[in-house]
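Below is query.csv, holding CSV, C-alpha atoms.
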chain,number,residue,atom,x,y,z
S,1,MET,CA,-36.2,84.9,111.2
S,2,PRO,CA,-35.0,87.1,108.3
S,3,MET,CA,-33.7,85.4,105.2
S,4,PRO,CA,-29.9,85.2,104.9
S,5,GLU,CA,-28.5,87.5,102.3
S,6,TRP,CA,-27.1,84.8,100.1
S,7,LEU,CA,-30.5,83.1,99.8
S,8,ASN,CA,-32.2,86.4,99.1
S,9,ILE,CA,-29.8,87.1,96.2
S,10,LEU,CA,-30.1,83.5,94.9
S,11,LEU,CA,-33.9,83.7,94.8
S,12,ARG,CA,-33.9,87.2,93.2
S,13,SER,CA,-31.4,86.2,90.6
S,14,ALA,CA,-33.2,83.0,89.7
S,15,GLY,CA,-36.5,84.9,89.4
S,16,LEU,CA,-35.1,87.7,87.4
S,17,PHE,CA,-33.3,85.2,85.1
S,18,ALA,CA,-36.7,83.7,84.3
S,19,ILE,CA,-38.4,87.1,83.9
S,20,THR,CA,-35.6,88.6,81.7
S,21,LEU,CA,-35.7,85.5,79.5
S,22,LEU,CA,-39.5,86.0,79.1
S,23,LEU,CA,-39.2,89.7,78.4
S,24,ALA,CA,-36.5,89.1,75.8
S,25,ARG,CA,-38.9,86.9,74.0
S,26,LEU,CA,-41.5,89.6,74.2
S,27,ILE,CA,-39.3,92.2,72.5
S,28,GLY,CA,-38.7,89.8,69.6
S,29,LYS,CA,-35.7,88.8,67.7
S,30,ARG,CA,-34.9,91.8,65.6
S,31,THR,CA,-33.0,93.6,68.3
S,32,THR,CA,-29.9,91.4,68.1
S,33,ALA,CA,-30.1,90.8,64.3
S,34,ARG,CA,-30.0,94.5,63.4
S,35,MET,CA,-29.0,96.7,66.3
S,36,THR,CA,-29.8,100.4,66.0
S,37,PHE,CA,-28.6,102.9,68.6
S,38,PHE,CA,-32.0,102.8,70.2
S,39,ASP,CA,-32.0,99.0,70.4
S,40,LEU,CA,-28.6,99.2,72.1
S,41,VAL,CA,-29.8,101.6,74.7
S,42,THR,CA,-32.9,99.4,75.4
S,43,VAL,CA,-30.8,96.3,75.8
S,44,ILE,CA,-28.3,98.1,78.2
S,45,VAL,CA,-31.1,99.5,80.3
S,46,ILE,CA,-32.8,96.2,80.6
S,47,GLY,CA,-29.5,94.5,81.5
S,48,VAL,CA,-28.5,97.0,84.1
S,49,THR,CA,-31.9,97.1,85.7
S,50,ALA,CA,-32.1,93.3,86.0
S,51,ALA,CA,-28.6,93.2,87.5
S,52,ALA,CA,-29.4,96.0,90.0
S,53,ILE,CA,-32.6,94.3,91.1
S,54,SER,CA,-31.0,90.9,91.5
S,55,MET,CA,-28.1,92.4,93.6
S,56,GLY,CA,-30.6,94.3,95.7
S,57,LEU,CA,-29.2,97.7,94.5
S,58,ALA,CA,-32.6,99.0,93.2
S,59,VAL,CA,-34.5,101.4,95.4
S,60,SER,CA,-37.2,98.7,95.8
S,61,THR,CA,-37.7,95.4,94.1
S,62,ALA,CA,-41.2,96.4,93.0
S,63,GLY,CA,-39.9,99.7,91.6
S,64,GLY,CA,-37.2,97.9,89.7
S,65,LEU,CA,-39.6,95.4,88.2
S,66,ILE,CA,-41.8,98.3,87.1
S,67,ALA,CA,-38.8,99.9,85.4
S,68,LEU,CA,-38.0,96.6,83.7
S,69,ALA,CA,-41.6,96.2,82.5
S,70,VAL,CA,-41.7,99.7,81.1
S,71,TRP,CA,-38.4,99.2,79.2
S,72,THR,CA,-39.6,96.0,77.6
S,73,VAL,CA,-43.2,96.8,76.9
S,74,PHE,CA,-42.4,100.3,75.4
S,75,PRO,CA,-39.8,99.0,72.9
S,76,ALA,CA,-42.1,96.1,72.0
S,77,LEU,CA,-45.0,98.5,71.5
S,78,ILE,CA,-42.9,100.9,69.4
S,79,TYR,CA,-41.7,98.0,67.2
S,80,VAL,CA,-45.3,97.1,66.5
S,81,LEU,CA,-46.1,100.7,65.7
S,82,ALA,CA,-43.0,101.0,63.6
S,83,ILE,CA,-44.2,98.1,61.4
S,84,LYS,CA,-47.5,99.9,60.8
S,85,TYR,CA,-46.4,103.6,60.5
S,86,LYS,CA,-43.5,104.9,58.4
S,87,THR,CA,-43.1,108.1,60.5
S,88,VAL,CA,-42.6,106.0,63.7
S,89,ARG,CA,-40.1,103.8,61.8
S,90,ASP,CA,-38.1,106.8,60.7
S,91,ILE,CA,-37.9,108.2,64.2
S,92,VAL,CA,-37.1,104.9,66.0
S,93,GLN,CA,-34.8,103.2,63.4
S,94,GLY,CA,-33.5,106.2,61.6
S,95,LYS,CA,-33.3,106.6,57.9
S,96,GLU,CA,-30.5,105.4,55.6
S,97,ALA,CA,-28.2,108.1,54.4
S,98,VAL,CA,-26.7,108.2,50.9
S,99,LEU,CA,-22.9,108.8,51.3
S,100,ILE,CA,-21.7,108.4,47.8
S,101,ASN,CA,-23.7,109.0,44.7
S,102,HIS,CA,-22.3,108.5,41.1
S,103,GLY,CA,-18.8,108.3,42.5
S,104,LYS,CA,-19.1,111.6,44.4
S,105,ILE,CA,-18.8,111.8,48.1
S,106,LEU,CA,-21.7,113.8,49.7
S,107,GLU,CA,-20.0,115.8,52.4
S,108,ASP,CA,-23.2,117.0,54.0
S,109,SER,CA,-24.6,113.6,54.6
S,110,LEU,CA,-21.2,112.5,55.9
S,111,LEU,CA,-21.4,115.2,58.5
S,112,GLU,CA,-25.0,114.2,59.3
S,113,SER,CA,-24.0,110.6,59.8
S,114,ARG,CA,-21.0,111.7,62.1
S,115,LEU,CA,-18.6,110.0,59.8
S,116,THR,CA,-15.1,111.3,59.1
S,117,PRO,CA,-13.6,110.8,55.6
S,118,GLU,CA,-11.2,108.3,57.2
S,119,ASP,CA,-14.1,106.3,58.6
S,120,LEU,CA,-15.7,106.2,55.2
S,121,LEU,CA,-12.6,105.1,53.4
S,122,SER,CA,-11.8,102.5,56.0
S,123,GLU,CA,-15.3,101.1,55.7
S,124,LEU,CA,-15.0,101.0,52.0
S,125,ARG,CA,-11.6,99.2,52.2
S,126,ARG,CA,-13.2,96.7,54.5
S,127,LYS,CA,-15.5,95.9,51.5
S,128,SER,CA,-12.4,95.6,49.3
S,129,VAL,CA,-13.0,98.9,47.6
S,130,PHE,CA,-9.8,100.9,47.6
S,131,SER,CA,-10.9,103.7,45.3
S,132,PHE,CA,-14.0,105.7,46.0
S,133,ALA,CA,-14.3,106.5,42.3
S,134,ASP,CA,-15.3,102.9,41.7
S,135,VAL,CA,-18.4,103.3,43.9
S,136,GLU,CA,-21.6,104.1,42.2
S,137,PHE,CA,-23.6,104.3,45.3
S,138,ALA,CA,-22.9,103.9,49.0
S,139,VAL,CA,-25.5,104.1,51.8
S,140,MET,CA,-25.2,104.1,55.5
S,141,GLU,CA,-27.9,101.8,56.8
S,142,PRO,CA,-29.8,102.7,60.0
S,143,SER,CA,-27.7,100.1,61.8
S,144,GLY,CA,-24.5,102.0,60.9
S,145,GLU,CA,-23.4,99.4,58.3
S,146,ILE,CA,-22.3,100.8,55.0
S,147,SER,CA,-23.6,99.2,51.8
S,148,VAL,CA,-21.7,99.7,48.6
S,149,LEU,CA,-22.8,99.3,45.0
S,150,LEU,CA,-19.9,99.3,42.6
S,151,LYS,CA,-19.9,100.9,39.2
S,152,LYS,CA,-21.0,98.6,36.5
S,153,ASP,CA,-17.5,98.2,35.1
S,154,SER,CA,-16.0,97.4,38.5
S,155,ARG,CA,-18.5,94.8,39.5
S,156,PRO,CA,-17.6,91.1,39.3
S,157,VAL,CA,-18.6,89.4,36.1
S,158,THR,CA,-21.8,87.3,36.3
S,159,PRO,CA,-23.3,85.0,33.7
S,160,LYS,CA,-25.9,87.8,33.2
S,161,THR,CA,-23.4,90.5,32.2
S,162,LEU,CA,-21.7,88.0,29.9
S,163,ASN,CA,-25.1,87.2,28.4
S,164,ILE,CA,-24.7,83.5,29.2
S,165,ALA,CA,-27.8,81.5,30.0
S,166,ALA,CA,-27.1,79.9,33.4
S,167,GLY,CA,-29.0,76.8,34.4
S,168,ARG,CA,-31.3,76.8,37.3
S,169,ASP,CA,-29.8,75.3,40.4
S,170,SER,CA,-32.4,74.1,42.8
S,171,VAL,CA,-31.4,73.3,46.3
S,172,PRO,CA,-30.4,69.6,46.6
S,173,GLN,CA,-32.4,67.6,49.1
S,174,THR,CA,-30.6,65.6,51.7
S,175,VAL,CA,-32.0,62.1,51.7
S,176,ILE,CA,-29.6,60.3,53.9
S,177,MET,CA,-27.9,61.8,57.0
S,178,ASP,CA,-25.6,59.9,59.2
S,179,GLY,CA,-26.7,56.6,57.7
S,180,ILE,CA,-30.4,57.3,58.3
S,181,ILE,CA,-32.8,57.6,55.4
S,182,MET,CA,-34.9,60.8,55.6
S,183,ASP,CA,-38.3,60.0,54.2
S,184,GLU,CA,-39.7,63.6,54.2
S,185,PRO,CA,-37.3,65.1,51.6
S,186,LEU,CA,-37.5,61.9,49.6
S,187,THR,CA,-41.3,62.3,49.3
S,188,ALA,CA,-40.9,66.0,48.6
S,189,MET,CA,-38.9,65.1,45.5
S,190,GLY,CA,-41.5,62.6,44.5
S,191,LEU,CA,-39.1,59.7,45.2
S,192,ASN,CA,-39.2,56.8,47.6
S,193,ARG,CA,-37.0,54.3,49.5
S,194,LYS,CA,-37.2,51.8,46.7
S,195,TRP,CA,-35.8,54.4,44.2
S,196,LEU,CA,-33.0,55.2,46.7
S,197,GLY,CA,-32.2,51.5,47.1
S,198,THR,CA,-31.9,51.1,43.4
S,199,GLU,CA,-29.6,54.1,43.0
S,200,LEU,CA,-27.4,53.0,45.9
S,201,GLU,CA,-27.2,49.5,44.4
S,202,LYS,CA,-26.1,51.1,41.1
S,203,ALA,CA,-23.4,52.9,43.0
S,204,GLY,CA,-22.5,49.7,44.8
S,205,VAL,CA,-23.0,51.1,48.3
S,206,ALA,CA,-25.0,49.8,51.3
S,207,PRO,CA,-27.3,52.5,52.8
S,208,GLU,CA,-25.7,52.1,56.3
S,209,ASN,CA,-22.3,53.1,54.9
S,210,VAL,CA,-23.6,56.4,53.6
S,211,PHE,CA,-22.8,59.5,55.7
S,212,VAL,CA,-24.6,62.0,53.6
S,213,ALA,CA,-26.6,61.6,50.4
S,214,GLN,CA,-28.1,64.4,48.4
S,215,VAL,CA,-30.4,64.4,45.4
S,216,ASP,CA,-30.3,67.2,42.9
S,217,SER,CA,-33.3,68.4,40.9
S,218,THR,CA,-32.7,65.9,38.1
S,219,GLY,CA,-32.6,63.0,40.5
S,220,GLN,CA,-28.8,62.6,40.5
S,221,LEU,CA,-27.5,61.1,43.8
S,222,TYR,CA,-24.4,62.5,45.3
S,223,LEU,CA,-22.9,60.4,48.1
S,224,ASP,CA,-20.4,60.7,50.9
S,225,LEU,CA,-19.4,57.6,52.7
S,226,PHE,CA,-18.2,57.0,56.2
S,227,ASP,CA,-15.1,55.4,54.8
S,228,ASP,CA,-13.3,58.2,53.0
S,229,ALA,CA,-10.9,55.8,51.3
S,230,ILE,CA,-13.6,54.5,49.0
S,231,GLN,CA,-14.1,56.5,45.8
S,232,VAL,CA,-17.7,56.9,44.8
S,233,PRO,CA,-18.1,57.8,41.2
S,234,ARG,CA,-19.8,61.2,40.6
S,235,PRO,CA,-23.1,60.9,38.7
S,236,LYS,CA,-22.5,61.8,35.1
S,237,ALA,CA,-25.9,61.3,33.5
S,238,ARG,CA,-26.4,65.0,32.8
S,239,GLU,CA,-23.0,65.5,31.2
S,240,LEU,CA,-23.3,62.3,29.3
S,241,ALA,CA,-26.7,63.2,27.9
S,242,TYR,CA,-25.3,66.6,26.8
S,243,TYR,CA,-22.3,65.3,25.0
S,244,THR,CA,-24.2,62.4,23.4
S,245,LEU,CA,-26.7,65.0,22.1
S,246,LYS,CA,-23.8,67.0,20.6
S,247,LYS,CA,-22.3,64.0,19.0
S,248,CYS,CA,-25.6,63.0,17.4
S,249,GLN,CA,-25.9,66.5,16.0
S,250,ALA,CA,-22.4,66.3,14.5
S,251,ASP,CA,-23.3,62.8,13.1
S,252,CYS,CA,-26.3,64.3,11.4
S,253,GLU,CA,-24.2,67.0,9.9
S,254,LEU,CA,-21.7,64.4,8.7
S,255,TYR,CA,-24.5,62.3,7.1
S,256,ALA,CA,-25.9,65.4,5.4
S,257,LEU,CA,-22.5,66.0,3.8
S,258,GLY,CA,-22.0,62.3,2.9
S,259,THR,CA,-25.2,61.5,1.1
S,260,GLN,CA,-26.0,62.0,-2.5
S,261,ASP,CA,-29.7,61.9,-2.1
S,262,SER,CA,-30.9,65.5,-2.0
S,263,GLU,CA,-34.0,64.6,0.1
S,264,ALA,CA,-32.0,62.7,2.6
S,265,LYS,CA,-29.5,65.6,2.7
S,266,ARG,CA,-32.3,68.0,3.6
S,267,MET,CA,-33.7,65.6,6.3
S,268,TYR,CA,-30.2,65.2,7.9
S,269,ALA,CA,-29.6,69.0,7.9
S,270,ARG,CA,-33.0,69.6,9.4
S,271,SER,CA,-32.4,67.0,12.1
S,272,ALA,CA,-29.0,68.5,12.9
S,273,GLY,CA,-30.7,71.9,13.3
S,274,VAL,CA,-33.3,70.5,15.6
S,275,LEU,CA,-30.6,68.8,17.7
S,276,ALA,CA,-28.6,72.0,17.8
S,277,ASP,CA,-31.7,73.8,19.2
S,278,ILE,CA,-32.1,71.2,21.9
S,279,VAL,CA,-28.4,71.5,22.8
S,280,ASP,CA,-28.9,75.2,23.2
S,281,GLN,CA,-32.1,74.8,25.2
S,282,THR,CA,-31.1,72.1,27.6
S,283,GLY,CA,-27.3,72.8,27.6
S,284,PRO,CA,-27.4,75.2,30.6
S,285,LEU,CA,-29.5,72.7,32.6
S,286,LEU,CA,-27.2,69.7,31.7
S,287,THR,CA,-23.8,71.2,32.3
S,288,LYS,CA,-22.8,72.9,35.5
F,1,MET,CA,-16.0,49.1,7.8
F,2,LEU,CA,-19.4,50.3,8.9
F,3,THR,CA,-22.0,50.9,6.3
F,4,VAL,CA,-24.0,54.1,6.4
F,5,SER,CA,-27.0,52.3,7.7
F,6,ALA,CA,-25.1,50.8,10.6
F,7,GLN,CA,-23.7,54.3,11.4
F,8,VAL,CA,-27.1,55.8,11.3
F,9,LYS,CA,-28.4,53.0,13.6
F,10,GLN,CA,-25.7,53.8,16.1
F,11,THR,CA,-26.7,57.5,16.1
F,12,LEU,CA,-30.3,56.3,16.5
F,13,ALA,CA,-29.5,54.2,19.5
F,14,SER,CA,-27.6,57.1,21.1
F,15,LEU,CA,-30.6,59.5,20.5
F,16,LYS,CA,-33.0,57.0,22.1
F,17,GLY,CA,-30.7,56.9,25.1
F,18,VAL,CA,-30.7,60.7,25.4
F,19,ARG,CA,-34.4,60.9,24.9
F,20,ALA,CA,-34.9,58.4,27.8
F,21,THR,CA,-32.5,60.4,30.0
F,22,LEU,CA,-34.3,63.7,29.3
F,23,GLU,CA,-37.7,62.0,29.9
F,24,THR,CA,-36.4,60.8,33.3
F,25,PHE,CA,-35.2,64.3,34.2
F,26,ALA,CA,-38.5,65.8,33.1
F,27,GLN,CA,-40.3,63.4,35.5
F,28,ILE,CA,-38.2,64.3,38.5
F,29,GLU,CA,-37.4,68.0,37.9
F,30,GLN,CA,-39.5,70.2,40.2
F,31,ASN,CA,-38.9,73.5,38.4
F,32,ASN,CA,-41.5,74.1,35.7
F,33,GLU,CA,-39.3,75.9,33.2
F,34,ALA,CA,-36.6,73.3,33.4
F,35,ARG,CA,-39.2,70.5,33.2
F,36,GLU,CA,-40.7,72.1,30.1
F,37,ALA,CA,-37.2,72.3,28.5
F,38,PHE,CA,-36.5,68.7,29.2
F,39,SER,CA,-39.8,67.4,27.9
F,40,SER,CA,-39.9,69.5,24.8
F,41,GLY,CA,-36.3,68.4,24.1
F,42,ALA,CA,-37.4,64.7,24.5
F,43,ARG,CA,-40.4,65.4,22.2
F,44,GLU,CA,-38.2,67.0,19.4
F,45,ILE,CA,-35.7,64.2,19.7
F,46,GLY,CA,-38.6,61.8,19.1
F,47,LEU,CA,-39.3,63.6,15.7
F,48,VAL,CA,-35.6,63.3,14.7
F,49,ILE,CA,-35.7,59.6,15.7
F,50,GLY,CA,-38.7,59.1,13.4
F,51,ASP,CA,-37.0,60.7,10.5
F,52,LEU,CA,-33.8,58.7,11.0
F,53,GLU,CA,-35.7,55.5,11.3
F,54,LYS,CA,-37.4,56.1,8.0
F,55,ARG,CA,-34.0,56.8,6.4
F,56,VAL,CA,-32.6,53.5,7.9
F,57,GLY,CA,-35.5,51.6,6.4
F,58,LEU,CA,-34.7,53.1,3.0
F,59,LEU,CA,-31.0,52.4,3.4
F,60,GLU,CA,-31.6,48.8,4.3
F,61,PHE,CA,-33.7,48.5,1.2
F,62,GLN,CA,-30.7,49.7,-0.8
F,63,GLU,CA,-28.1,47.6,1.1
F,64,PRO,CA,-30.1,44.4,1.8
F,65,GLN,CA,-27.0,42.4,2.8
F,66,TYR,CA,-26.7,44.4,6.0
F,67,LYS,CA,-30.3,44.1,7.1
F,68,GLY,CA,-31.0,43.5,10.7
F,69,PHE,CA,-32.1,45.9,13.4

Show how you would write the structure in this file as structure tokens.
Amino acid sequence: MPMPEWLNILLRSAGLFAITLLLARLIGKRTTARMTFFDLVTVIVIGVTAAAISMGLAVSTAGGLIALAVWTVFPALIYVLAIKYKTVRDIVQGKEAVLINHGKILEDSLLESRLTPEDLLSELRRKSVFSFADVEFAVMEPSGEISVLLKKDSRPVTPKTLNIAAGRDSVPQTVIMDGIIMDEPLTAMGLNRKWLGTELEKAGVAPENVFVAQVDSTGQLYLDLFDDAIQVPRPKARELAYYTLKKCQADCELYALGTQDSEAKRMYARSAGVLADIVDQTGPLLTK
Amino acid sequence: MLTVSAQVKQTLASLKGVRATLETFAQIEQNNEAREAFSSGAREIGLVIGDLEKRVGLLEFQEPQYKGF
């Protein structure tokens, strides 16, 4: 007795579903992350072939499967080759094209990238650049995305351009999530449950009431409670240390002015200088 | 009215507090650069504390009625 058509399609589809899932893993993840034109073609061919086989539209199921295998193995192979050889990479992924250099639009590369001036301006506007003269450098990536580097005077101000020393901001570790204490991040910070217990006690909070707790690099605990009506004080140890240090420095300067003893005056002035240096050094780390 | 020695003692106490805080930070901090900044800060505050303590001793000698530390 021949298989009814619906059962045939069901079995084919289920089988192809599994196969396609497997093949997708084989190609790797980079296809969806950064699609080039070639990637797009591969994905469409695989999809159409799989659909054709499962609906029984292919010439033969075996032939369809062979086509599917070729269209997954070849791209996978080419990606491996592309990682090894630059020439393969240039052919498969294409090269980036410089569209604007030193504020001048390069018409030739625009033509090569099949971009109209309108396309370019619209892409720039999407990046909040309304005047092409502000652009130092714009490149069309192999994926078709346009990357823009603004001229130095049009770039947003950063601490670096202002010559301000910015403190290091290491990623805070989450030590309590949903009321559950996470031991691994705690140990990674060189802390333990006992320390956490003490800190929570200092804040006057029971661990089971904490929704999320994070520890920053200096061991300050930031809490969020289940009950949002309760105000948890923000840790102030860093700021407090900074301003106390500044006050002590000012005190020393005051004593230096107040004393008659010339030796004491020198000592106070030296101390004030040392404290000023410490304020400069640790200031960026203590204030955010 | 606070005498000079009492004022210096207050500053001294504040400095000791800051030194302790910086030492705690230096213990916990993972980043080498920041840890070095904290611990060298704590060390230098220690020197200042030493100088000020010497000065307090001298002041107490000059104003014996306010002795007591």

Sphere at (-36.7, 56.3, 10.1), radius 12 Å, counting all atoms listed in the file: residues as a list in words: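 Those residues, ordered by chain and then number, are Ala264, Met267, Tyr268 and Ser271 of chain S; Ser5, Val8, Lys9, Thr11, Leu12, Gly46, Leu47, Val48, Ile49, Gly50, Asp51, Leu52, Glu53, Lys54, Arg55, Val56, Gly57, Leu58, Leu59, Glu60 and Phe69 of chain F.
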
Using only C-alpha atoms: which of F:Ala42, F:Ala34, F:Val4, F:Ile28 has the shortest distance to Val215 of chain S: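 Going through F:Ala42, F:Ala34, F:Val4, F:Ile28 one by one, the smallest distance to Val215 of chain S is for F:Ile28.
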
Two-atom distance - atom CA of Ala250 of chain S, atom CA of Asn32 of chain F (Å):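 Atom CA of Asn32 of chain F lies at a distance of 29.6 Å from atom CA of Ala250 of chain S.
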
Atomic separation - atom CA of Ala241 of chain S relative to atom CA of Val18 of chain F, Å: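 Atom-to-atom, atom CA of Val18 of chain F to atom CA of Ala241 of chain S, that is 5.3 Å.
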
Answer as a PyMOL selection string, residues within 7 Å of (-36.9, 65.6, 54.0) using all atoms listed in the file: chain S and resi 173-175+182-186+188

Which residue of S:Val59, S:Ile176, S:Ile27, S:Leu221 approaches Thr198 of chain S most closely, using all atoms listed in the file: S:Leu221

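Residue nearest chain F, chosen from S:Asp251, S:Asp134, S:Glu239, S:Glu5 and counting all atoms listed in the file: S:Asp251.
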
Please supply segment 41-62 of chain F, rebuilt with N, CA and C atoms, as a compact mmCIF listing (two decimals), in the frame of the given file.
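Generated output (result30.txt):
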# COMPACT_ATOMS: atom_id res chain seq x y z
N GLY F 41 -37.50 68.96 24.71
CA GLY F 41 -36.30 68.40 24.10
C GLY F 41 -36.54 66.92 23.73
N ALA F 42 -37.11 66.17 24.69
CA ALA F 42 -37.40 64.70 24.50
C ALA F 42 -38.34 64.58 23.28
N ARG F 43 -39.36 65.47 23.23
CA ARG F 43 -40.40 65.40 22.20
C ARG F 43 -39.70 65.62 20.80
N GLU F 44 -38.85 66.65 20.72
CA GLU F 44 -38.20 67.00 19.40
C GLU F 44 -37.24 65.89 19.02
N ILE F 45 -36.54 65.29 20.00
CA ILE F 45 -35.70 64.20 19.70
C ILE F 45 -36.47 63.05 19.07
N GLY F 46 -37.70 62.86 19.59
CA GLY F 46 -38.60 61.80 19.10
C GLY F 46 -38.85 62.04 17.57
N LEU F 47 -39.04 63.31 17.16
CA LEU F 47 -39.30 63.60 15.70
C LEU F 47 -38.05 63.21 14.90
N VAL F 48 -36.85 63.59 15.42
CA VAL F 48 -35.60 63.30 14.70
C VAL F 48 -35.47 61.76 14.59
N ILE F 49 -35.80 61.06 15.69
CA ILE F 49 -35.70 59.60 15.70
C ILE F 49 -36.59 59.03 14.57
N GLY F 50 -37.81 59.59 14.46
CA GLY F 50 -38.70 59.10 13.40
C GLY F 50 -38.13 59.29 12.03
N ASP F 51 -37.57 60.48 11.76
CA ASP F 51 -37.00 60.70 10.50
C ASP F 51 -35.84 59.76 10.17
N LEU F 52 -34.96 59.57 11.18
CA LEU F 52 -33.80 58.70 11.00
C LEU F 52 -34.23 57.26 10.75
N GLU F 53 -35.28 56.84 11.47
CA GLU F 53 -35.70 55.50 11.30
C GLU F 53 -36.24 55.22 9.88
N LYS F 54 -36.94 56.23 9.37
CA LYS F 54 -37.40 56.10 8.00
C LYS F 54 -36.25 55.96 7.04
N ARG F 55 -35.22 56.78 7.30
CA ARG F 55 -34.00 56.80 6.40
C ARG F 55 -33.33 55.39 6.53
N VAL F 56 -33.26 54.82 7.74
CA VAL F 56 -32.60 53.50 7.90
C VAL F 56 -33.38 52.46 7.11
N GLY F 57 -34.71 52.55 7.15
CA GLY F 57 -35.50 51.60 6.40
C GLY F 57 -35.16 51.66 4.91
N LEU F 58 -35.01 52.88 4.40
CA LEU F 58 -34.70 53.10 3.00
C LEU F 58 -33.29 52.54 2.68
N LEU F 59 -32.33 52.82 3.60
CA LEU F 59 -31.00 52.40 3.40
C LEU F 59 -30.88 50.85 3.37
N GLU F 60 -31.67 50.23 4.27
CA GLU F 60 -31.60 48.80 4.30
C GLU F 60 -32.21 48.18 3.04
N PHE F 61 -33.16 48.91 2.47
CA PHE F 61 -33.70 48.50 1.20
C PHE F 61 -32.64 48.51 0.13
N GLN F 62 -31.76 49.56 0.22
CA GLN F 62 -30.70 49.70 -0.80
C GLN F 62 -29.52 48.79 -0.51
